[in-house]
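**Student:** My file is data_12.cif. It has mmCIF, C-alpha atoms and all ligand atoms:
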data_entry
loop_
_atom_site.label_atom_id
_atom_site.label_comp_id
_atom_site.auth_asym_id
_atom_site.auth_seq_id
_atom_site.Cartn_x
_atom_site.Cartn_y
_atom_site.Cartn_z
CA MET A 1 90.72 102.95 152.21
CA LYS A 2 91.02 101.73 148.66
CA ASN A 3 93.42 98.91 148.00
CA LYS A 4 94.88 100.91 145.10
CA LEU A 5 98.10 98.98 144.67
CA ASN A 6 96.10 95.76 144.43
CA ASN A 7 97.83 94.54 147.54
CA ILE A 8 96.80 91.20 148.84
CA ILE A 9 94.51 91.36 151.84
CA GLN A 10 95.86 89.18 154.61
CA PRO A 11 93.87 87.43 157.34
CA PRO A 12 92.53 88.43 159.82
CA ASP A 13 91.57 91.58 157.88
CA TYR A 14 87.94 92.18 157.04
CA LEU A 15 86.15 91.29 153.80
CA GLY A 16 82.79 92.97 153.17
CA MET A 17 79.60 91.26 152.04
CA LEU A 18 76.44 93.04 150.89
CA GLY A 19 73.54 90.73 151.71
CA GLY A 20 73.12 88.12 154.39
CA GLY A 21 71.36 85.22 152.63
CA GLN A 22 72.59 81.66 152.20
CA LEU A 23 75.17 82.66 149.58
CA GLY A 24 76.58 85.24 152.00
CA ARG A 25 76.62 82.60 154.71
CA PHE A 26 78.66 80.12 152.65
CA PHE A 27 81.03 82.96 151.73
CA THR A 28 81.42 83.81 155.43
CA ILE A 29 82.18 80.18 156.28
CA SER A 30 84.86 80.02 153.55
CA ALA A 31 86.40 83.35 154.56
CA GLN A 32 86.53 82.50 158.26
CA LYS A 33 88.01 79.08 157.44
CA MET A 34 90.86 80.96 155.71
CA GLY A 35 91.30 83.25 158.70
CA TYR A 36 89.51 86.35 157.43
CA SER A 37 86.96 88.41 159.32
CA VAL A 38 83.67 89.18 157.60
CA LEU A 39 81.39 92.18 157.81
CA VAL A 40 77.86 91.59 156.53
CA LEU A 41 75.43 94.39 155.72
CA ASP A 42 71.82 93.19 155.78
CA PRO A 43 68.72 94.84 157.25
CA ASP A 44 67.40 91.51 158.59
CA LYS A 45 68.65 90.92 162.12
CA LYS A 46 68.23 87.16 161.69
CA SER A 47 69.86 86.87 158.27
CA PRO A 48 71.72 83.55 157.74
CA ALA A 49 75.09 85.26 157.11
CA GLY A 50 74.58 88.11 159.58
CA LYS A 51 74.17 85.57 162.37
CA ILE A 52 77.65 84.10 161.86
CA ALA A 53 79.58 87.15 160.61
CA ASP A 54 82.27 88.82 162.76
CA LYS A 55 80.35 92.05 162.35
CA HIS A 56 76.74 92.44 161.24
CA LEU A 57 75.57 95.90 160.23
CA CYS A 58 71.83 95.58 160.54
CA LYS A 59 70.99 98.53 158.27
CA THR A 60 69.47 99.10 154.84
CA TYR A 61 71.64 99.11 151.73
CA ASP A 62 71.24 102.86 151.23
CA ASP A 63 72.18 103.83 154.81
CA LEU A 64 75.18 106.11 154.26
CA GLY A 65 76.32 105.78 157.89
CA ALA A 66 76.45 101.99 157.50
CA LEU A 67 78.25 102.26 154.15
CA ASP A 68 80.81 104.61 155.72
CA GLU A 69 81.37 102.15 158.54
CA LEU A 70 81.81 99.38 155.98
CA LYS A 71 84.43 101.50 154.19
CA LEU A 72 86.32 102.06 157.41
CA THR A 73 86.35 98.34 158.23
CA CYS A 74 86.91 96.76 154.80
CA LYS A 75 89.21 97.48 151.85
CA VAL A 76 87.07 95.37 149.57
CA VAL A 77 83.45 94.32 149.29
CA THR A 78 81.32 91.95 147.25
CA THR A 79 77.63 91.16 146.93
CA GLU A 80 75.58 88.01 147.19
CA PHE A 81 72.54 89.20 145.23
CA GLU A 82 72.12 91.24 142.07
CA ASN A 83 69.36 93.50 143.36
CA ILE A 84 71.74 95.58 145.41
CA PRO A 85 71.12 99.28 144.54
CA TYR A 86 73.53 100.54 141.89
CA GLU A 87 74.01 103.78 143.89
CA THR A 88 75.29 101.73 146.85
CA LEU A 89 77.97 100.11 144.72
CA LYS A 90 78.94 103.48 143.19
CA TYR A 91 79.19 105.07 146.65
CA LEU A 92 81.44 102.29 147.93
CA GLU A 93 83.53 102.23 144.77
CA LYS A 94 84.68 105.79 145.41
CA ASP A 95 86.83 104.58 148.29
CA ILE A 96 87.16 100.80 148.30
CA ASP A 97 87.35 97.96 145.77
CA VAL A 98 83.98 96.53 144.75
CA ARG A 99 84.19 93.11 143.09
CA PRO A 100 82.36 92.60 140.77
CA GLY A 101 82.17 96.31 139.96
CA SER A 102 79.05 98.46 139.66
CA LYS A 103 79.21 98.46 135.85
CA ALA A 104 78.94 94.68 135.52
CA VAL A 105 76.27 94.42 138.22
CA SER A 106 74.17 97.22 136.68
CA ILE A 107 74.02 95.28 133.40
CA VAL A 108 73.05 91.93 134.85
CA GLN A 109 70.59 93.28 137.43
CA ASN A 110 68.31 94.55 134.68
CA ARG A 111 66.94 92.03 132.17
CA ILE A 112 66.63 94.66 129.41
CA ARG A 113 70.27 95.76 129.71
CA GLU A 114 71.36 92.14 130.18
CA LYS A 115 69.60 90.78 127.07
CA ASN A 116 70.78 93.72 124.93
CA PHE A 117 74.33 93.22 126.20
CA LEU A 118 74.21 89.49 125.40
CA ARG A 119 72.85 90.09 121.91
CA ASP A 120 75.35 92.86 121.23
CA CYS A 121 78.29 90.66 122.14
CA GLY A 122 77.07 87.93 119.82
CA CYS A 123 75.70 85.45 122.35
CA PRO A 124 72.73 83.36 121.20
CA VAL A 125 69.56 84.49 123.02
CA GLY A 126 65.92 83.61 122.46
CA GLN A 127 63.65 86.14 120.78
CA PHE A 128 62.71 89.01 123.11
CA ILE A 129 60.86 92.33 122.99
CA VAL A 130 61.16 95.21 125.47
CA ILE A 131 57.74 96.07 126.93
CA ASP A 132 57.81 99.48 128.59
CA SER A 133 54.45 100.93 127.50
CA PHE A 134 51.10 99.89 126.04
CA ALA A 135 52.37 101.26 122.71
CA SER A 136 55.15 98.66 122.73
CA ILE A 137 52.44 95.98 123.07
CA LYS A 138 50.41 97.45 120.19
CA ASN A 139 53.55 97.42 118.02
CA ILE A 140 54.07 93.68 118.36
CA ASN A 141 53.78 92.04 114.99
CA GLU A 142 51.73 88.86 114.73
CA GLN A 143 54.44 87.61 112.33
CA ASP A 144 57.00 87.89 115.16
CA ASN A 145 55.59 84.64 116.50
CA ILE A 146 56.57 85.57 120.05
CA PHE A 147 53.60 83.80 121.69
CA PRO A 148 53.42 81.73 123.85
CA ALA A 149 55.77 83.96 125.82
CA ILE A 150 56.87 84.95 129.30
CA LEU A 151 56.61 88.53 130.56
CA LYS A 152 59.39 89.23 133.07
CA THR A 153 59.90 92.42 135.07
CA ALA A 154 63.24 93.98 134.12
CA GLN A 155 64.33 94.13 137.76
CA PHE A 156 63.93 92.43 141.13
CA GLY A 157 62.73 89.03 139.86
CA TYR A 158 64.20 85.81 141.25
CA ASP A 159 63.17 82.15 141.65
CA GLY A 160 60.54 82.63 138.96
CA LYS A 161 59.00 85.64 140.74
CA GLY A 162 58.08 88.63 138.56
CA GLN A 163 57.13 86.38 135.62
CA ILE A 164 53.78 85.72 133.95
CA HIS A 165 53.13 83.33 131.07
CA VAL A 166 51.04 84.89 128.29
CA LYS A 167 49.52 83.48 125.10
CA SER A 168 48.19 86.61 123.37
CA LYS A 169 48.39 90.41 123.24
CA ILE A 170 45.29 90.64 125.47
CA GLU A 171 46.86 88.45 128.13
CA LEU A 172 50.05 90.45 127.76
CA GLU A 173 48.22 93.73 128.42
CA ASP A 174 46.67 92.28 131.57
CA ALA A 175 50.01 90.96 132.76
CA PHE A 176 51.74 94.31 132.11
CA LYS A 177 48.96 96.07 134.10
CA GLY A 178 49.46 93.47 136.83
CA PHE A 179 53.08 94.60 137.06
CA ASN A 180 51.90 98.26 137.34
CA ASN A 181 53.35 99.08 133.90
CA THR A 182 56.88 98.60 135.19
CA PRO A 183 59.49 98.02 132.41
CA CYS A 184 59.54 94.38 131.35
CA ILE A 185 60.92 92.01 128.81
CA LEU A 186 58.79 89.60 126.79
CA GLU A 187 60.58 86.37 125.94
CA GLU A 188 59.41 83.68 123.57
CA LYS A 189 58.76 80.54 125.58
CA LEU A 190 61.36 78.07 124.39
CA ASP A 191 60.71 74.37 124.18
CA LEU A 192 63.39 73.28 126.63
CA ASP A 193 65.29 70.02 126.19
CA LEU A 194 67.53 70.87 129.13
CA GLU A 195 68.77 73.69 131.33
CA VAL A 196 72.46 73.94 132.20
CA SER A 197 74.66 76.39 134.08
CA LEU A 198 78.35 77.14 134.35
CA VAL A 199 80.10 78.67 137.35
CA LEU A 200 83.35 80.44 136.66
CA SER A 201 85.79 82.57 138.62
CA ARG A 202 87.81 85.37 137.03
CA THR A 203 90.56 87.41 138.63
CA SER A 204 91.54 91.01 137.88
CA LYS A 205 94.42 89.59 135.81
CA GLY A 206 91.90 87.73 133.64
CA ASN A 207 92.73 84.24 134.95
CA PHE A 208 89.91 81.69 135.08
CA GLU A 209 88.83 78.62 136.95
CA ILE A 210 85.77 76.82 135.65
CA TYR A 211 83.63 74.13 137.28
CA PRO A 212 82.02 71.30 135.30
CA LEU A 213 78.80 72.08 133.44
CA ILE A 214 75.73 71.53 135.63
CA GLU A 215 72.34 70.21 134.51
CA ASN A 216 69.43 71.90 136.25
CA GLN A 217 65.82 70.91 136.75
CA HIS A 218 63.38 73.61 137.84
CA VAL A 219 59.91 73.29 139.33
CA SER A 220 57.65 76.38 139.12
CA GLY A 221 60.67 78.52 138.17
CA ILE A 222 62.72 77.44 141.22
CA LEU A 223 65.80 75.25 141.02
CA ASP A 224 64.89 71.78 142.28
CA LEU A 225 67.72 69.45 141.30
CA SER A 226 71.22 69.84 139.87
CA ILE A 227 73.01 66.94 138.20
CA ILE A 228 76.79 66.98 137.84
CA PRO A 229 78.16 66.56 135.23
CA ALA A 230 75.40 67.65 132.82
CA ARG A 231 74.25 64.79 130.60
CA ILE A 232 75.00 66.50 127.33
CA HIS A 233 77.40 66.23 124.42
CA SER A 234 80.90 67.55 125.08
CA SER A 235 80.61 70.00 122.18
CA VAL A 236 77.80 71.81 124.08
CA LYS A 237 80.02 71.93 127.17
CA GLU A 238 82.79 73.51 125.12
CA GLN A 239 80.40 76.03 123.60
CA ALA A 240 79.04 76.98 127.05
CA THR A 241 82.59 77.49 128.32
CA ILE A 242 83.51 79.70 125.37
CA LEU A 243 80.36 81.81 125.85
CA ALA A 244 80.80 82.19 129.62
CA LYS A 245 84.44 83.25 129.21
CA LYS A 246 83.48 85.73 126.51
CA ILE A 247 80.72 87.22 128.70
CA SER A 248 83.02 87.62 131.68
CA ASN A 249 85.76 89.18 129.55
CA LYS A 250 83.34 91.66 127.97
CA LEU A 251 82.08 92.62 131.44
CA ASP A 252 85.68 92.92 132.65
CA TYR A 253 84.36 90.77 135.44
CA VAL A 254 86.25 90.20 138.70
CA GLY A 255 84.65 87.58 140.94
CA VAL A 256 82.56 84.44 140.70
CA MET A 257 79.87 84.41 138.06
CA ALA A 258 77.26 81.91 136.87
CA VAL A 259 75.75 81.74 133.42
CA GLU A 260 72.41 79.98 132.97
CA PHE A 261 71.71 78.39 129.58
CA PHE A 262 68.74 76.85 127.82
CA VAL A 263 69.10 73.99 125.38
CA SER A 264 66.22 73.96 122.93
CA LYS A 265 66.10 71.78 119.79
CA ASP A 266 69.84 71.19 120.18
CA ILE A 267 70.61 74.94 120.20
CA LEU A 268 72.32 76.55 123.20
CA TYR A 269 70.89 79.91 124.35
CA VAL A 270 72.12 82.14 127.15
CA ASN A 271 69.29 82.69 129.64
CA GLU A 272 70.78 84.96 132.30
CA ILE A 273 73.90 85.86 134.25
CA ALA A 274 74.26 85.82 138.04
CA PRO A 275 77.02 88.14 139.32
CA ARG A 276 77.84 85.85 142.26
CA PRO A 277 78.14 82.18 143.22
CA HIS A 278 75.04 80.22 142.28
CA ASN A 279 72.69 77.75 143.91
CA SER A 280 73.54 75.22 141.16
CA GLY A 281 77.24 75.50 142.14
CA HIS A 282 76.65 74.25 145.69
CA PHE A 283 77.85 70.78 144.69
CA SER A 284 81.37 72.27 144.73
CA ILE A 285 81.19 72.58 148.55
CA ASP A 286 81.30 68.80 148.94
CA THR A 287 82.96 67.66 145.72
CA CYS A 288 85.87 70.06 145.12
CA THR A 289 88.96 71.01 147.11
CA TYR A 290 88.17 74.69 146.43
CA ASN A 291 84.48 75.48 146.20
CA GLN A 292 82.81 78.47 144.54
CA PHE A 293 82.84 80.46 147.79
CA ASP A 294 86.54 79.76 148.42
CA GLN A 295 87.23 81.23 144.97
CA GLN A 296 85.09 84.26 145.82
CA VAL A 297 87.19 84.83 148.95
CA LEU A 298 90.49 84.42 147.08
CA ILE A 299 89.47 86.89 144.36
CA LEU A 300 88.21 89.39 146.89
CA ALA A 301 91.46 89.19 148.82
CA GLY A 302 93.41 89.84 145.60
CA ARG A 303 94.91 86.35 145.65
CA GLU A 304 95.26 83.93 142.76
CA LEU A 305 92.65 81.21 142.21
CA GLU A 306 93.19 77.62 143.24
CA LYS A 307 92.49 74.65 140.98
CA PRO A 308 89.21 73.17 142.23
CA ALA A 309 90.44 69.55 142.09
CA ILE A 310 87.40 67.31 141.88
CA LYS A 311 87.12 64.63 144.57
CA PHE A 312 83.71 63.37 143.42
CA PRO A 313 83.05 63.83 139.69
CA ILE A 314 79.45 62.60 139.97
CA ALA A 315 76.97 64.32 142.27
CA VAL A 316 73.38 65.44 142.59
CA MET A 317 72.14 68.41 144.59
CA LEU A 318 68.58 68.44 145.87
CA ASN A 319 67.19 71.77 147.04
CA LEU A 320 65.12 71.80 150.24
CA LEU A 321 62.33 74.34 149.99
CA GLY A 322 60.12 75.44 152.86
CA ASP A 323 57.35 73.34 151.26
CA LEU A 324 58.91 70.31 152.93
CA TRP A 325 58.06 71.78 156.35
CA PHE A 326 54.36 71.90 155.32
CA ARG A 327 53.97 68.36 153.98
CA SER A 328 51.07 67.71 156.33
CA ASP A 329 48.35 70.00 157.69
CA LYS A 330 50.54 71.23 160.52
CA GLN A 331 54.06 72.65 160.31
CA LYS A 332 56.41 69.75 160.93
CA GLU A 333 60.23 69.51 161.01
CA PRO A 334 61.62 67.16 158.34
CA ARG A 335 63.12 63.90 159.68
CA PHE A 336 66.69 64.55 158.51
CA GLU A 337 68.02 61.76 160.73
CA LEU A 338 66.41 59.28 158.28
CA ILE A 339 68.65 60.28 155.36
CA ALA A 340 72.04 60.26 157.12
CA GLY A 341 74.61 58.01 155.48
CA GLU A 342 77.81 57.78 153.50
CA GLY A 343 77.95 60.21 150.60
CA ILE A 344 74.98 62.28 151.79
CA SER A 345 75.76 65.81 152.88
CA LEU A 346 73.02 67.95 154.39
CA HIS A 347 73.24 71.76 154.51
CA LEU A 348 70.69 73.94 156.29
CA TYR A 349 70.93 77.70 156.00
CA GLY A 350 69.86 78.71 159.50
CA LYS A 351 66.58 80.31 158.39
CA GLU A 352 64.18 80.29 161.29
CA GLU A 353 60.93 80.60 159.40
CA PRO A 354 60.13 78.02 156.72
CA ARG A 355 57.88 79.34 153.96
CA VAL A 356 56.56 77.73 150.79
CA GLY A 357 59.06 78.41 147.99
CA ARG A 358 61.78 79.57 150.41
CA LYS A 359 65.18 77.91 150.05
CA MET A 360 65.92 76.39 153.45
CA GLY A 361 68.84 74.14 152.59
CA HIS A 362 70.08 71.46 150.22
CA VAL A 363 71.38 67.89 150.20
CA THR A 364 74.34 66.83 148.10
CA ILE A 365 74.46 63.17 147.11
CA LEU A 366 77.97 62.12 146.16
CA GLY A 367 78.77 59.45 143.61
CA LEU A 368 80.76 56.89 145.59
CA LYS A 369 83.02 54.22 144.11
CA ASN A 370 81.33 52.07 141.45
CA GLN A 371 78.17 54.18 141.47
CA SER A 372 76.95 55.29 138.07
CA GLN A 373 75.30 58.65 137.45
CA LYS A 374 71.97 56.81 137.15
CA ASP A 375 72.48 55.24 140.62
CA VAL A 376 73.18 58.66 142.17
CA ILE A 377 70.10 60.25 140.57
CA LYS A 378 67.99 57.34 141.83
CA LYS A 379 69.44 57.76 145.32
CA ALA A 380 68.57 61.47 145.27
CA GLU A 381 64.97 60.66 144.33
CA SER A 382 64.76 58.09 147.13
CA ILE A 383 66.05 60.70 149.60
CA ARG A 384 63.38 63.10 148.43
CA LYS A 385 60.74 60.38 148.94
CA ILE A 386 61.95 59.58 152.47
CA LEU A 387 61.83 63.25 153.44
CA TRP A 388 58.36 63.77 151.99
CA GLU A 389 56.79 60.56 153.28
CA ASN A 390 57.86 60.79 156.92
P1 LIG A 401 65.00 83.69 137.66
O1 LIG A 401 65.74 84.97 137.84
O2 LIG A 401 63.77 83.59 138.45
O3 LIG A 401 65.92 82.49 137.78
P2 LIG A 401 64.77 82.87 134.87
O4 LIG A 401 64.63 83.77 133.71
O5 LIG A 401 66.01 82.07 134.95
O6 LIG A 401 64.51 83.75 136.16
O7 LIG A 401 63.50 81.90 134.87
C1 LIG A 401 63.31 80.87 135.81
C2 LIG A 401 62.99 79.57 135.08
O8 LIG A 401 61.80 79.71 134.26
C3 LIG A 401 64.05 79.11 134.11
O9 LIG A 401 65.09 78.42 134.76
C4 LIG A 401 63.22 78.21 133.18
O10 LIG A 401 62.94 76.97 133.79
C5 LIG A 401 61.93 79.00 133.04
N1 LIG A 401 62.03 79.95 131.90
C6 LIG A 401 62.41 81.24 131.99
N2 LIG A 401 62.43 81.82 130.77
C7 LIG A 401 62.07 80.90 129.89
C8 LIG A 401 61.89 80.89 128.46
N3 LIG A 401 62.10 81.98 127.72
N4 LIG A 401 61.47 79.74 127.87
C9 LIG A 401 61.24 78.64 128.61
N5 LIG A 401 61.39 78.57 129.95
C10 LIG A 401 61.80 79.68 130.60
MG MG A 402 67.39 81.89 136.47
#
What's the structure tokens form of this structure?
Ligand code: ADP
Ligand code: MG
**Tutor:**
Amino acid sequence: MKNKLNNIIQPPDYLGMLGGGQLGRFFTISAQKMGYSVLVLDPDKKSPAGKIADKHLCKTYDDLGALDELKLTCKVVTTEFENIPYETLKYLEKDIDVRPGSKAVSIVQNRIREKNFLRDCGCPVGQFIVIDSFASIKNINEQDNIFPAILKTAQFGYDGKGQIHVKSKIELEDAFKGFNNTPCILEEKLDLDLEVSLVLSRTSKGNFEIYPLIENQHVSGILDLSIIPARIHSSVKEQATILAKKISNKLDYVGVMAVEFFVSKDILYVNEIAPRPHNSGHFSIDTCTYNQFDQQVLILAGRELEKPAIKFPIAVMLNLLGDLWFRSDKQKEPRFELIAGEGISLHLYGKEEPRVGRKMGHVTILGLKNQSQKDVIKKAESIRKILWEN
């Protein structure tokens, strides 16, 4: 039943989660810590969140029986990934609260709608062209100077998947064919000085909590390292905050959201929006009194946000991809016992099968007393070396 009066949901009532990945798992941990019960819908019977949820509906996202059961169990539901079918959110929204709502998710789950939305609300974005037919390729003007560029499928891309770098119209045609002519966006390839992201929480009353700006380093399109706080001028931090708030207000957003930015030749561009907590925000688990998943729980339960007081202002997060399990010819467990120590916090997501490019966990390295940001970055690199060389 819909929580029409915006009543607060009290523990041990159920909160619903669509998706059972690592983000759903951290949400479940936060919710259970606060006394809530969690229902996870995910078709994978070994999903990281499904394994620890109070109830795991092991069904597909369009299974109406499962969605009806979810509605009977939960007054409110959220999602941990943007590729959730729009129809699922609409179906749930008829009877229960969906936060963030289907309208916001439908914009950010499609790169064409997302980029148009960003441009229309006055956010700086790099040059882009919608590619939805061979005619749209023919119409590209040489004077547009879009090449070198990146062709991205409008939907279902993540961790650099669904992207091909192209240098000419001929390469673009091949790439578009490679994607079976599915609608795409062509983005000019920016010369990146830096990538940063901002995680913010917004309640239905329009109140915000914002975490410090994060500096991100990617390898092959996948987040590798996050450095907190971002090493960038405070004016850029202010501009990123203004843009993220504006985006969330325009989307009438309720929930936790991340905005990814590019910095190129000292100009800040919005890259994309994630309608959920973000991998780059994982530092908050170990450094803040209220982490990004705690805020997600509070918003979902209709409660007010808590100030995420910062216990460790300096931190580095190192992602652990499945590649680490294949550092020699044979599959081999990493020697995590070698990196244990003060200020080092290891998180593994409970995924049974390591695969190259799969996010298996992360390590947060905390800046302890008298340690500079440089020291902490160095320590993170030495931890990476230990893991890879043993
Ligand atoms: P995903 O959904 O996979 O995160 P992104 O659009 O964020 O997709 O792309 C992944 C990464 O690829 C970015 O973080 C950045 O490192 C690189 N990238 C993407 N688009 C561009 C671009 N237009 N110019 C330069 N680098 C880009
Ligand atoms: Mg991205």
**Student:** For a test of reading the model, state the distance in Å between atom CA of A:Gly302 and atom CA of A:Ser106, rounded to one decimal.
**Tutor:**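 About the pair atom CA of A:Gly302 and atom CA of A:Ser106: they are 22.5 Å apart.
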**Student:** As a quick test: using only C-alpha atoms and all ligand atoms, which residues lie no more than 6 Å away from ligand LIG 401 (chain A)? Give them as a count of residues only.
**Tutor:** 11
**Student:** Residues of chain A that approach ligand MG 402 (chain A) to 12 Å or less, counting all atoms listed in the file: could you list each one with the shortest pair of atoms and its distance in Å to one decimal, rows by chain and increasing residue number, as CSV?
**Tutor:**
residue,atom,partner,partner_atom,distance
A:Glu82,CA,A:MG402,MG,11.9
A:Val108,CA,A:MG402,MG,11.6
A:Gln109,CA,A:MG402,MG,11.9
A:Arg111,CA,A:MG402,MG,11.0
A:Lys152,CA,A:MG402,MG,11.4
A:Gly157,CA,A:MG402,MG,9.2
A:Tyr158,CA,A:MG402,MG,7.0
A:Asp159,CA,A:MG402,MG,6.7
A:Gly160,CA,A:MG402,MG,7.3
A:Lys161,CA,A:MG402,MG,10.1
A:Gly162,CA,A:MG402,MG,11.7
A:Gln163,CA,A:MG402,MG,11.2
A:Glu195,CA,A:MG402,MG,9.8
A:Val196,CA,A:MG402,MG,10.4
A:Ser197,CA,A:MG402,MG,9.4
A:Asn216,CA,A:MG402,MG,10.2
A:Gln217,CA,A:MG402,MG,11.1
A:His218,CA,A:MG402,MG,9.3
A:Val219,CA,A:MG402,MG,11.8
A:Ser220,CA,A:MG402,MG,11.5
A:Gly221,CA,A:MG402,MG,7.7
A:Ile222,CA,A:MG402,MG,8.0
A:Leu223,CA,A:MG402,MG,8.2
A:Asp224,CA,A:MG402,MG,11.9
A:Ala258,CA,A:MG402,MG,9.9
A:Val259,CA,A:MG402,MG,8.9
A:Glu260,CA,A:MG402,MG,6.4
A:Phe261,CA,A:MG402,MG,8.9
A:Phe262,CA,A:MG402,MG,10.1
A:Val270,CA,A:MG402,MG,10.5
A:Asn271,CA,A:MG402,MG,7.1
A:Glu272,CA,A:MG402,MG,6.2
A:Ile273,CA,A:MG402,MG,7.9
A:Ala274,CA,A:MG402,MG,8.1
A:Pro275,CA,A:MG402,MG,11.8
A:His278,CA,A:MG402,MG,9.8
A:Asn279,CA,A:MG402,MG,10.0
A:Ser280,CA,A:MG402,MG,10.2
**Student:** Kindly provide, as a PyMOL selection string, the polymer residues lying within 7 Å of (76.8, 92.4, 153.1), counting all atoms listed in the file and using the coordinates exactly as they appear in the file.
**Tutor:** chain A and resi 16-20+39-42+79
**Student:** What's around stretch 228-237 of chain A at 12 Å? Count only C-alpha atoms, leave out sequence neighbours fewer than 3 positions away in its own chain, and write the answer as a VMD selection string.
**Tutor:** chain A and resid 193 to 198 210 to 217 225 240 to 244 261 to 264 266 to 269 280 to 284 287 310 312 to 318 364 to 367 372 to 374 376 to 377
**Student:** Hey, can you spit out that residue selection with C-alpha atoms as an mmCIF file, in the coordinates of the input?
**Tutor:**
data_model
loop_
_atom_site.group_PDB
_atom_site.id
_atom_site.type_symbol
_atom_site.label_atom_id
_atom_site.label_comp_id
_atom_site.auth_asym_id
_atom_site.auth_seq_id
_atom_site.Cartn_x
_atom_site.Cartn_y
_atom_site.Cartn_z
ATOM 1 C CA ASP A 193 65.290 70.020 126.190
ATOM 2 C CA LEU A 194 67.530 70.870 129.130
ATOM 3 C CA GLU A 195 68.770 73.690 131.330
ATOM 4 C CA VAL A 196 72.460 73.940 132.200
ATOM 5 C CA SER A 197 74.660 76.390 134.080
ATOM 6 C CA LEU A 198 78.350 77.140 134.350
ATOM 7 C CA ILE A 210 85.770 76.820 135.650
ATOM 8 C CA TYR A 211 83.630 74.130 137.280
ATOM 9 C CA PRO A 212 82.020 71.300 135.300
ATOM 10 C CA LEU A 213 78.800 72.080 133.440
ATOM 11 C CA ILE A 214 75.730 71.530 135.630
ATOM 12 C CA GLU A 215 72.340 70.210 134.510
ATOM 13 C CA ASN A 216 69.430 71.900 136.250
ATOM 14 C CA GLN A 217 65.820 70.910 136.750
ATOM 15 C CA LEU A 225 67.720 69.450 141.300
ATOM 16 C CA ALA A 240 79.040 76.980 127.050
ATOM 17 C CA THR A 241 82.590 77.490 128.320
ATOM 18 C CA ILE A 242 83.510 79.700 125.370
ATOM 19 C CA LEU A 243 80.360 81.810 125.850
ATOM 20 C CA ALA A 244 80.800 82.190 129.620
ATOM 21 C CA PHE A 261 71.710 78.390 129.580
ATOM 22 C CA PHE A 262 68.740 76.850 127.820
ATOM 23 C CA VAL A 263 69.100 73.990 125.380
ATOM 24 C CA SER A 264 66.220 73.960 122.930
ATOM 25 C CA ASP A 266 69.840 71.190 120.180
ATOM 26 C CA ILE A 267 70.610 74.940 120.200
ATOM 27 C CA LEU A 268 72.320 76.550 123.200
ATOM 28 C CA TYR A 269 70.890 79.910 124.350
ATOM 29 C CA SER A 280 73.540 75.220 141.160
ATOM 30 C CA GLY A 281 77.240 75.500 142.140
ATOM 31 C CA HIS A 282 76.650 74.250 145.690
ATOM 32 C CA PHE A 283 77.850 70.780 144.690
ATOM 33 C CA SER A 284 81.370 72.270 144.730
ATOM 34 C CA THR A 287 82.960 67.660 145.720
ATOM 35 C CA ILE A 310 87.400 67.310 141.880
ATOM 36 C CA PHE A 312 83.710 63.370 143.420
ATOM 37 C CA PRO A 313 83.050 63.830 139.690
ATOM 38 C CA ILE A 314 79.450 62.600 139.970
ATOM 39 C CA ALA A 315 76.970 64.320 142.270
ATOM 40 C CA VAL A 316 73.380 65.440 142.590
ATOM 41 C CA MET A 317 72.140 68.410 144.590
ATOM 42 C CA LEU A 318 68.580 68.440 145.870
ATOM 43 C CA THR A 364 74.340 66.830 148.100
ATOM 44 C CA ILE A 365 74.460 63.170 147.110
ATOM 45 C CA LEU A 366 77.970 62.120 146.160
ATOM 46 C CA GLY A 367 78.770 59.450 143.610
ATOM 47 C CA SER A 372 76.950 55.290 138.070
ATOM 48 C CA GLN A 373 75.300 58.650 137.450
ATOM 49 C CA LYS A 374 71.970 56.810 137.150
ATOM 50 C CA VAL A 376 73.180 58.660 142.170
ATOM 51 C CA ILE A 377 70.100 60.250 140.570
#
**Student:** A:Tyr349, A:Val363, A:Gly50, A:Ile247: which is nearest A:Arg119, counting all atoms listed in the file?
**Tutor:** A:Ile247
**Student:** Give me the box for stretch 255-258 of chain A as lines of an AutoDock Vina configuration file, namely the centre and edge lengths in Å to one decimal of a box along x, y and z that holds every listed atom plus 5 Å on each side.
**Tutor:**
center_x = 81.0
center_y = 84.7
center_z = 138.9
size_x = 17.4
size_y = 15.7
size_z = 14.1
**Student:** Quick one: of A:Met34, A:Ala104, A:Ile29, A:Leu321, who's nearest to A:Pro48, counting all atoms listed in the file?
**Tutor:**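 Smallest distance to A:Pro48 is found for A:Ile29.
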**Student:** Quick one: residues within 10 Å of A:Glu353, all atoms listed in the file counted, chain neighbours fewer than 3 positions away excluded, as a PyMOL selection string?
**Tutor:** chain A and resi 322+325+350+358+360
**Student:** For A:Val130, which of A:Lys115, A:Arg202, A:Lys167, A:Lys46 is the closest residue, counting all atoms listed in the file?
**Tutor:**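 Smallest separation from A:Val130 among the options: A:Lys115.
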**Student:** If you measure from atom CA of A:Gly24 to atom CA of A:Glu80, what distance in Å do you get, rounded to one decimal?
**Tutor:**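 Between atom CA of A:Gly24 and atom CA of A:Glu80 the gap works out to 5.6 Å.
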**Student:** To one decimal in Å, tell me the separation between atom CA of A:Cys74 and atom CA of A:Asp286.
**Tutor:**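 We find that atom CA of A:Cys74 and atom CA of A:Asp286 lie 29.1 Å from each other.
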**Student:** Contacts of A:Ile129 at 9 Å or less, counting only C-alpha atoms, minus same-chain residues fewer than 2 places along, as a ChimeraX atom specification?
**Tutor:** /A:112,127,131,136,140,146,184-188
**Student:** List as a VMD selection string the residues having at least one atom at most 8 Å from position (68.9, 95.5, 139.4) as given in the file, counting all atoms listed in the file.
**Tutor:** chain A and resid 82 to 86 105 to 110 154 to 156
